[in-house]
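What follows is the content of upload-v9.pdb (PDB, C-alpha atoms).
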ATOM      1  CA  MET A1071     -22.033  19.307  -1.849
ATOM      2  CA  GLY A1072     -20.201  16.310  -0.459
ATOM      3  CA  ASN A1073     -21.787  13.582   1.581
ATOM      4  CA  GLY A1074     -20.334  14.717   4.892
ATOM      5  CA  ASN A1075     -18.151  12.704   7.268
ATOM      6  CA  SER A1076     -19.050   9.423   8.992
ATOM      7  CA  ASN A1077     -21.495  11.280  11.292
ATOM      8  CA  GLY A1078     -23.006  13.120   8.349
ATOM      9  CA  LEU A1079     -22.216  16.473   9.965
ATOM     10  CA  ILE A1080     -19.519  18.040   7.792
ATOM     11  CA  SER A1081     -19.983  18.460   4.075
ATOM     12  CA  ASN A1082     -18.046  20.380   1.440
ATOM     13  CA  ASN A1083     -18.257  22.083  -1.883
ATOM     14  CA  ILE A1084     -14.775  21.323  -3.186
ATOM     15  CA  ARG A1085     -15.769  19.474  -6.338
ATOM     16  CA  ASN A1086     -17.916  22.404  -7.559
ATOM     17  CA  LEU A1087     -15.284  24.929  -6.569
ATOM     18  CA  ARG A1088     -12.588  23.072  -8.476
ATOM     19  CA  PHE A1089     -14.804  23.021 -11.540
ATOM     20  CA  HIS A1090     -15.353  26.786 -11.315
ATOM     21  CA  HIS A1091     -11.624  27.457 -10.876
ATOM     22  CA  ASP A1092     -10.498  26.569 -14.400
ATOM     23  CA  GLU A1093     -11.445  22.920 -13.861
ATOM     24  CA  MET A1094      -8.646  22.469 -11.385
ATOM     25  CA  THR A1095      -7.675  18.795 -11.007
ATOM     26  CA  GLN A1096      -7.549  16.961  -7.691
ATOM     27  CA  GLN A1097      -3.780  16.608  -8.154
ATOM     28  CA  GLN A1098      -3.360  20.371  -8.652
ATOM     29  CA  LEU A1099      -5.376  21.145  -5.524
ATOM     30  CA  ALA A1100      -3.459  18.493  -3.582
ATOM     31  CA  GLU A1101      -0.130  20.070  -4.592
ATOM     32  CA  LYS A1102      -1.324  23.576  -3.650
ATOM     33  CA  VAL A1103      -2.398  22.527  -0.153
ATOM     34  CA  GLY A1104       0.412  20.014   0.461
ATOM     35  CA  VAL A1105      -1.406  16.687   0.661
ATOM     36  CA  THR A1106      -1.729  13.636  -1.589
ATOM     37  CA  ARG A1107      -4.443  13.347  -4.238
ATOM     38  CA  GLN A1108      -5.898  10.450  -2.253
ATOM     39  CA  THR A1109      -6.658  12.846   0.619
ATOM     40  CA  ILE A1110      -8.489  15.283  -1.668
ATOM     41  CA  VAL A1111     -10.501  12.335  -3.042
ATOM     42  CA  ALA A1112     -11.388  11.247   0.511
ATOM     43  CA  ILE A1113     -12.432  14.800   1.510
ATOM     44  CA  GLU A1114     -14.592  15.252  -1.593
ATOM     45  CA  LYS A1115     -16.318  11.927  -1.000
ATOM     46  CA  GLY A1116     -16.971  12.882   2.617
ATOM     47  CA  LYS A1117     -14.817  10.018   3.880
ATOM     48  CA  TYR A1118     -12.480  12.313   5.770
ATOM     49  CA  SER A1119     -12.946  15.590   7.626
ATOM     50  CA  PRO A1120      -9.700  17.541   7.228
ATOM     51  CA  SER A1121      -7.834  19.247  10.037
ATOM     52  CA  LEU A1122      -8.624  22.905  10.618
ATOM     53  CA  GLU A1123      -5.294  23.886   9.044
ATOM     54  CA  LEU A1124      -5.945  21.895   5.877
ATOM     55  CA  ALA A1125      -9.507  23.244   5.680
ATOM     56  CA  PHE A1126      -8.124  26.797   5.827
ATOM     57  CA  ARG A1127      -5.499  25.998   3.191
ATOM     58  CA  ILE A1128      -8.215  24.711   0.847
ATOM     59  CA  ALA A1129     -10.333  27.808   1.485
ATOM     60  CA  PHE A1130      -7.302  30.039   0.762
ATOM     61  CA  VAL A1131      -6.752  28.321  -2.587
ATOM     62  CA  PHE A1132     -10.309  29.161  -3.616
ATOM     63  CA  LYS A1133     -10.053  32.650  -1.999
ATOM     64  CA  LEU A1134     -13.226  32.020  -0.048
ATOM     65  CA  PRO A1135     -14.160  32.049   3.633
ATOM     66  CA  LEU A1136     -14.088  28.640   5.295
ATOM     67  CA  GLU A1137     -17.862  28.375   5.648
ATOM     68  CA  GLU A1138     -18.334  28.690   1.886
ATOM     69  CA  VAL A1139     -16.183  25.642   1.326
ATOM     70  CA  PHE A1140     -17.194  23.518   4.301
ATOM     71  CA  SER A1141     -20.524  23.409   6.096
ATOM     72  CA  PHE A1142     -21.480  21.903   9.406
ATOM     73  CA  GLU A1143     -24.891  20.667  10.548
ATOM     74  CA  TRP A1144     -25.657  20.633  14.226
ATOM     75  CA  ASN A1145     -28.408  17.899  14.148
ATOM     76  CA  ASN A1146     -27.082  15.226  16.464
ATOM     77  CA  LEU A1147     -25.735  17.391  19.255
TER      78      LEU A1147
ATOM     79  CA  MET B 549      -7.677   1.552  -6.258
ATOM     80  CA  SER B 550      -5.209   4.019  -4.753
ATOM     81  CA  TYR B 551      -1.463   3.549  -4.265
ATOM     82  CA  GLN B 552      -1.918   3.165  -0.493
ATOM     83  CA  GLU B 553      -4.541   0.437  -0.892
ATOM     84  CA  LYS B 554      -2.374  -1.484  -3.360
ATOM     85  CA  LYS B 555       0.642  -1.065  -1.090
ATOM     86  CA  ASN B 556      -1.292  -2.458   1.864
ATOM     87  CA  ILE B 557      -2.518  -5.465  -0.113
ATOM     88  CA  VAL B 558       1.051  -6.212  -1.258
ATOM     89  CA  SER B 559       2.366  -5.813   2.306
ATOM     90  CA  LEU B 560      -0.373  -8.080   3.665
ATOM     91  CA  ILE B 561       0.351 -10.833   1.141
ATOM     92  CA  ALA B 562       4.111 -10.414   1.692
ATOM     93  CA  THR B 563       3.694 -10.722   5.464
ATOM     94  CA  ILE B 564       1.646 -13.913   5.173
ATOM     95  CA  LEU B 565       4.056 -15.482   2.659
ATOM     96  CA  ILE B 566       7.221 -14.519   4.546
ATOM     97  CA  PHE B 567       5.836 -15.820   7.843
ATOM     98  CA  GLY B 568       4.479 -18.991   6.230
ATOM     99  CA  PHE B 569       7.717 -19.871   4.441
ATOM    100  CA  TYR B 570       9.826 -18.966   7.463
ATOM    101  CA  CYS B 571       7.757 -21.239   9.724
ATOM    102  CA  LEU B 572       7.951 -24.086   7.193
ATOM    103  CA  TYR B 573      11.723 -23.696   6.923
ATOM    104  CA  MET B 574      12.338 -23.468  10.675
ATOM    105  CA  PHE B 575      10.035 -26.324  11.684
ATOM    106  CA  GLN B 576      11.458 -28.605   8.992
ATOM    107  CA  ARG B 577      14.963 -27.912  10.279
ATOM    108  CA  HIS B 578      13.974 -28.622  13.870
ATOM    109  CA  GLN B 579      11.548 -31.489  13.439
ATOM    110  CA  GLU B 580      13.663 -33.876  15.468
ATOM    111  CA  GLY B 581      13.798 -33.368  19.257
ATOM    112  CA  SER B 582      11.204 -32.325  21.773
ATOM    113  CA  LEU B 583      10.164 -28.697  21.807
ATOM    114  CA  ASP B 584      10.065 -28.781  25.590
ATOM    115  CA  SER B 585      13.680 -29.799  26.126
ATOM    116  CA  THR B 586      16.403 -27.358  27.197
ATOM    117  CA  GLU B 587      17.254 -26.816  23.528
ATOM    118  CA  ALA B 588      13.734 -25.593  22.990
ATOM    119  CA  PHE B 589      14.397 -22.209  24.569
ATOM    120  CA  ARG B 590      17.351 -21.679  22.259
ATOM    121  CA  PHE B 591      15.168 -22.696  19.304
ATOM    122  CA  TRP B 592      12.343 -20.275  20.168
ATOM    123  CA  GLY B 593      14.786 -17.472  20.909
ATOM    124  CA  SER B 594      16.512 -17.904  17.561
ATOM    125  CA  PHE B 595      13.129 -18.297  15.826
ATOM    126  CA  ILE B 596      12.073 -14.820  16.967
ATOM    127  CA  LEU B 597      15.477 -13.143  16.607
ATOM    128  CA  ILE B 598      16.016 -14.386  13.050
ATOM    129  CA  LEU B 599      12.414 -13.709  11.988
ATOM    130  CA  ILE B 600      12.744  -9.974  12.716
ATOM    131  CA  PRO B 601      15.639  -9.130  10.327
ATOM    132  CA  VAL B 602      14.462 -11.646   7.710
ATOM    133  CA  SER B 603      11.002 -10.087   7.530
ATOM    134  CA  ILE B 604      12.360  -6.510   7.535
ATOM    135  CA  ILE B 605      14.786  -7.208   4.668
ATOM    136  CA  ALA B 606      12.227  -9.204   2.673
ATOM    137  CA  LYS B 607       9.615  -6.452   3.063
ATOM    138  CA  ILE B 608      12.044  -3.730   1.962
ATOM    139  CA  ILE B 609      12.885  -5.747  -1.172
ATOM    140  CA  ILE B 610       9.204  -6.439  -1.906
ATOM    141  CA  GLN B 611       8.324  -2.754  -1.366
ATOM    142  CA  ILE B 612      11.041  -1.604  -3.780
ATOM    143  CA  ALA B 613       9.888  -4.159  -6.355
ATOM    144  CA  PHE B 614       6.276  -3.017  -5.905
ATOM    145  CA  ASN B 615       7.201   0.664  -6.369
ATOM    146  CA  ILE B 616       9.077  -0.137  -9.594
ATOM    147  CA  PHE B 617       6.143  -2.243 -10.837
ATOM    148  CA  TYR B 618       3.689   0.545  -9.868
ATOM    149  CA  ARG B 619       5.675   3.186 -11.785
ATOM    150  CA  ILE B 620       5.924   1.017 -14.892
ATOM    151  CA  THR B 621       2.264  -0.038 -14.953
ATOM    152  CA  THR B 622       0.630   3.290 -14.015
ATOM    153  CA  ASN B 623       3.208   5.828 -15.253
ATOM    154  CA  GLU B 624       2.738   7.550 -11.870
ATOM    155  CA  GLU B 625       5.240   8.087  -9.107
ATOM    156  CA  GLU B 626       4.342   6.889  -5.637
ATOM    157  CA  PRO B 627       3.553   9.663  -3.101
ATOM    158  CA  SER B 628       6.836  10.909  -1.664
ATOM    159  CA  PHE B 629       5.407  11.846   1.738
ATOM    160  CA  SER B 630       2.716  10.916   4.267
ATOM    161  CA  ASP B 631       0.088  13.562   4.822
ATOM    162  CA  GLU B 632      -2.334  13.981   7.741
ATOM    163  CA  LEU B 633      -4.769  11.333   6.454
ATOM    164  CA  ASP B 634      -1.977   8.774   6.045
ATOM    165  CA  LYS B 635      -0.674   9.507   9.548
ATOM    166  CA  LEU B 636      -4.141   9.283  11.119
ATOM    167  CA  ILE B 637      -4.835   5.949   9.421
ATOM    168  CA  GLU B 638      -1.424   4.627  10.427
ATOM    169  CA  LEU B 639      -2.042   5.628  14.046
ATOM    170  CA  LYS B 640      -5.424   3.896  14.159
ATOM    171  CA  ALA B 641      -4.023   0.772  12.511
ATOM    172  CA  THR B 642      -1.114   0.704  14.965
ATOM    173  CA  ARG B 643      -3.553   0.966  17.872
ATOM    174  CA  ASN B 644      -5.533  -2.038  16.563
ATOM    175  CA  SER B 645      -2.299  -3.889  16.025
ATOM    176  CA  HIS B 646      -1.226  -3.279  19.629
ATOM    177  CA  TYR B 647      -4.587  -4.472  20.975
ATOM    178  CA  VAL B 648      -4.120  -7.799  19.186
ATOM    179  CA  PHE B 649      -0.563  -8.196  20.429
ATOM    180  CA  MET B 650      -1.545  -7.321  24.010
ATOM    181  CA  LEU B 651      -4.306  -9.934  23.862
ATOM    182  CA  GLY B 652      -1.738 -12.466  22.644
ATOM    183  CA  VAL B 653       0.628 -11.679  25.520
ATOM    184  CA  VAL B 654      -2.214 -12.074  28.058
ATOM    185  CA  LEU B 655      -3.214 -15.400  26.473
ATOM    186  CA  SER B 656       0.389 -16.603  26.541
ATOM    187  CA  MET B 657       0.611 -15.795  30.266
ATOM    188  CA  GLY B 658      -2.672 -17.688  30.675
ATOM    189  CA  SER B 659      -1.096 -20.733  29.054
ATOM    190  CA  LEU B 660       1.637 -20.681  31.724
ATOM    191  CA  VAL B 661      -0.940 -20.396  34.509
ATOM    192  CA  MET B 662      -2.773 -23.393  33.056
ATOM    193  CA  ASP B 663       0.431 -25.481  33.157
ATOM    194  CA  MET B 664       0.665 -25.827  29.393
ATOM    195  CA  PRO B 665       4.060 -26.594  27.794
ATOM    196  CA  TYR B 666       6.404 -23.604  27.364
ATOM    197  CA  SER B 667       6.270 -24.043  23.612
ATOM    198  CA  VAL B 668       2.571 -23.081  23.712
ATOM    199  CA  MET B 669       3.500 -19.729  25.247
ATOM    200  CA  PHE B 670       6.086 -19.060  22.520
ATOM    201  CA  ILE B 671       3.685 -20.158  19.776
ATOM    202  CA  ILE B 672       0.981 -17.818  21.103
ATOM    203  CA  ILE B 673       3.419 -14.885  21.300
ATOM    204  CA  ILE B 674       4.740 -15.489  17.774
ATOM    205  CA  LEU B 675       1.240 -15.960  16.353
ATOM    206  CA  SER B 676      -0.022 -12.827  18.088
ATOM    207  CA  GLY B 677       2.921 -10.897  16.609
ATOM    208  CA  PHE B 678       1.987 -12.189  13.166
ATOM    209  CA  MET B 679      -1.732 -11.535  13.687
ATOM    210  CA  SER B 680      -1.107  -8.024  14.997
ATOM    211  CA  GLU B 681       0.772  -7.195  11.810
ATOM    212  CA  VAL B 682      -1.984  -8.672   9.656
ATOM    213  CA  ILE B 683      -4.659  -6.756  11.593
ATOM    214  CA  GLY B 684      -2.601  -3.570  11.158
ATOM    215  CA  TYR B 685      -2.596  -3.932   7.361
ATOM    216  CA  ILE B 686      -6.270  -4.935   7.238
ATOM    217  CA  SER B 687      -7.160  -1.917   9.406
ATOM    218  CA  GLN B 688      -5.285   0.414   7.067
ATOM    219  CA  LEU B 689      -6.934  -1.115   4.034
ATOM    220  CA  TYR B 690     -10.370  -0.817   5.666
ATOM    221  CA  LEU B 691      -9.811   2.815   6.735
ATOM    222  CA  TYR B 692      -8.560   3.863   3.285
ATOM    223  CA  ARG B 693     -11.669   2.283   1.748
ATOM    224  CA  LYS B 694     -14.305   3.328   4.275
ATOM    225  CA  GLY B 695     -12.810   6.624   5.416
ATOM    226  CA  VAL B 696     -11.849   8.007   8.782
TER     227      VAL B 696
END

Output the structure of this file as structure tokens.
Amino acid sequence: MGNGNSNGLISNNIRNLRFHHDEMTQQQLAEKVGVTRQTIVAIEKGKYSPSLELAFRIAFVFKLPLEEVFSFEWNNL
Amino acid sequence: MSYQEKKNIVSLIATILIFGFYCLYMFQRHQEGSLDSTEAFRFWGSFILILIPVSIIAKIIIQIAFNIFYRITTNEEEPSFSDELDKLIELKATRNSHYVFMLGVVLSMGSLVMDMPYSVMFIIIILSGFMSEVIGYISQLYLYRKGV
């Protein structure tokens, strides 16, 4: 799982999912969802929480529900 | 280091160099004469009006040169579009930039209230314009490194 965003609330599983989808590269995923590779790098490192639309696009690429790609912890609320 | 980070570093250095050389050139040309005379207003007006196109043209040339250099050295093409992360970072950097410029404008008005020479007001406005641009690039660099 990723490290989550700056509040440590949102984390993701993209790196593992890429690996299990024919070792998809960051560039390939970026092209499929319509962003730059830099954005995929930032999401994987937990430096950026994507918009809802981008999160859905990523989930569609892996053919998984959103909550299996991204997870949210409710600790600080 | 990503393309965006490199681009911001190049833009930051270019901004500092262009502004530095432009100031040197303009102040050397206008060394003689008081900056508070009637001619001074014409000088400061032309200083700002010429600086804008000069810096735009110089930055376009530097950006094109950087893109060519980037393609040759990395064998990669620069991103052809800005995605949501780029736009978010640009918005935050622009906000920081505007804060700095607004502070400069307030300070320049303060200089008038305190009966300082008019040239001080122009210097503060020009410096705040320069600083706001620098802060904009530093903000972008920081946000690309640290995350949003």

### Task
Carefully work through the PyMOL selection byres ((chain B and resi 681) around 12) for this structure and note down the residues it includes, as number ranges by chain.
B: 556, 559-564, 567, 603, 641-649, 674-680, 682-688

### Proximity to chain B - best of A:Leu1099, A:Ile1110, A:Val1139, A:Leu1087, only C-alpha atoms
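Among the listed residues, the smallest separation from chain B belongs to A:Ile1110.
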
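Atom CA of B:His578 is positioned 25.0 Å from atom CA of B:Lys607.
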
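The two atoms in question, atom CA of B:Asp634 and atom CA of A:Val1103, are spaced 15.1 Å apart.
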
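For the pair atom CA of A:Tyr1118 and atom CA of B:Val696, the interatomic distance is 5.3 Å.
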
### Task
Hey, list the chain A side of the contact with chain B: 7 Å cut-off, all atoms listed in the file, answer as a ChimeraX atom specification.
/A:1105-1106,1108-1109,1112,1117-1118

#### Entry: Among the residues B:Trp592, B:Ile610, B:Met657, B:Leu639, the one that comes closest to B:Met669 [using all atoms listed in the file]
B:Met657

Identify the residues around (-18.3, 23.7, 1.3) within a radius of 9 Å, measuring from all atoms listed in the file in the coordinates stated by the file, and give them as a PDB file with C-alpha atoms, keeping the file's coordinate frame.
ATOM      1  CA  MET A1071     -22.033  19.307  -1.849  1.00  0.00           C
ATOM      2  CA  GLY A1072     -20.201  16.310  -0.459  1.00  0.00           C
ATOM      3  CA  ILE A1080     -19.519  18.040   7.792  1.00  0.00           C
ATOM      4  CA  SER A1081     -19.983  18.460   4.075  1.00  0.00           C
ATOM      5  CA  ASN A1082     -18.046  20.380   1.440  1.00  0.00           C
ATOM      6  CA  ASN A1083     -18.257  22.083  -1.883  1.00  0.00           C
ATOM      7  CA  ILE A1084     -14.775  21.323  -3.186  1.00  0.00           C
ATOM      8  CA  ASN A1086     -17.916  22.404  -7.559  1.00  0.00           C
ATOM      9  CA  LEU A1087     -15.284  24.929  -6.569  1.00  0.00           C
ATOM     10  CA  ALA A1129     -10.333  27.808   1.485  1.00  0.00           C
ATOM     11  CA  LEU A1136     -14.088  28.640   5.295  1.00  0.00           C
ATOM     12  CA  GLU A1137     -17.862  28.375   5.648  1.00  0.00           C
ATOM     13  CA  GLU A1138     -18.334  28.690   1.886  1.00  0.00           C
ATOM     14  CA  VAL A1139     -16.183  25.642   1.326  1.00  0.00           C
ATOM     15  CA  PHE A1140     -17.194  23.518   4.301  1.00  0.00           C
ATOM     16  CA  SER A1141     -20.524  23.409   6.096  1.00  0.00           C
ATOM     17  CA  PHE A1142     -21.480  21.903   9.406  1.00  0.00           C
TER      18      PHE A1142
END

### Task
Pick out the closest residue to B:Ile637 from this set: B:Arg619, B:Leu565, B:Tyr690, B:Lys554. Count all atoms listed in the file.
B:Tyr690

### Message
Residues within 7 Å of A:Arg1107, please, as an NGL selection string. Count only C-alpha atoms; anything in the same chain fewer than 6 positions from it doesn't count.
### Response
:A and (1096-1097 or 1100)
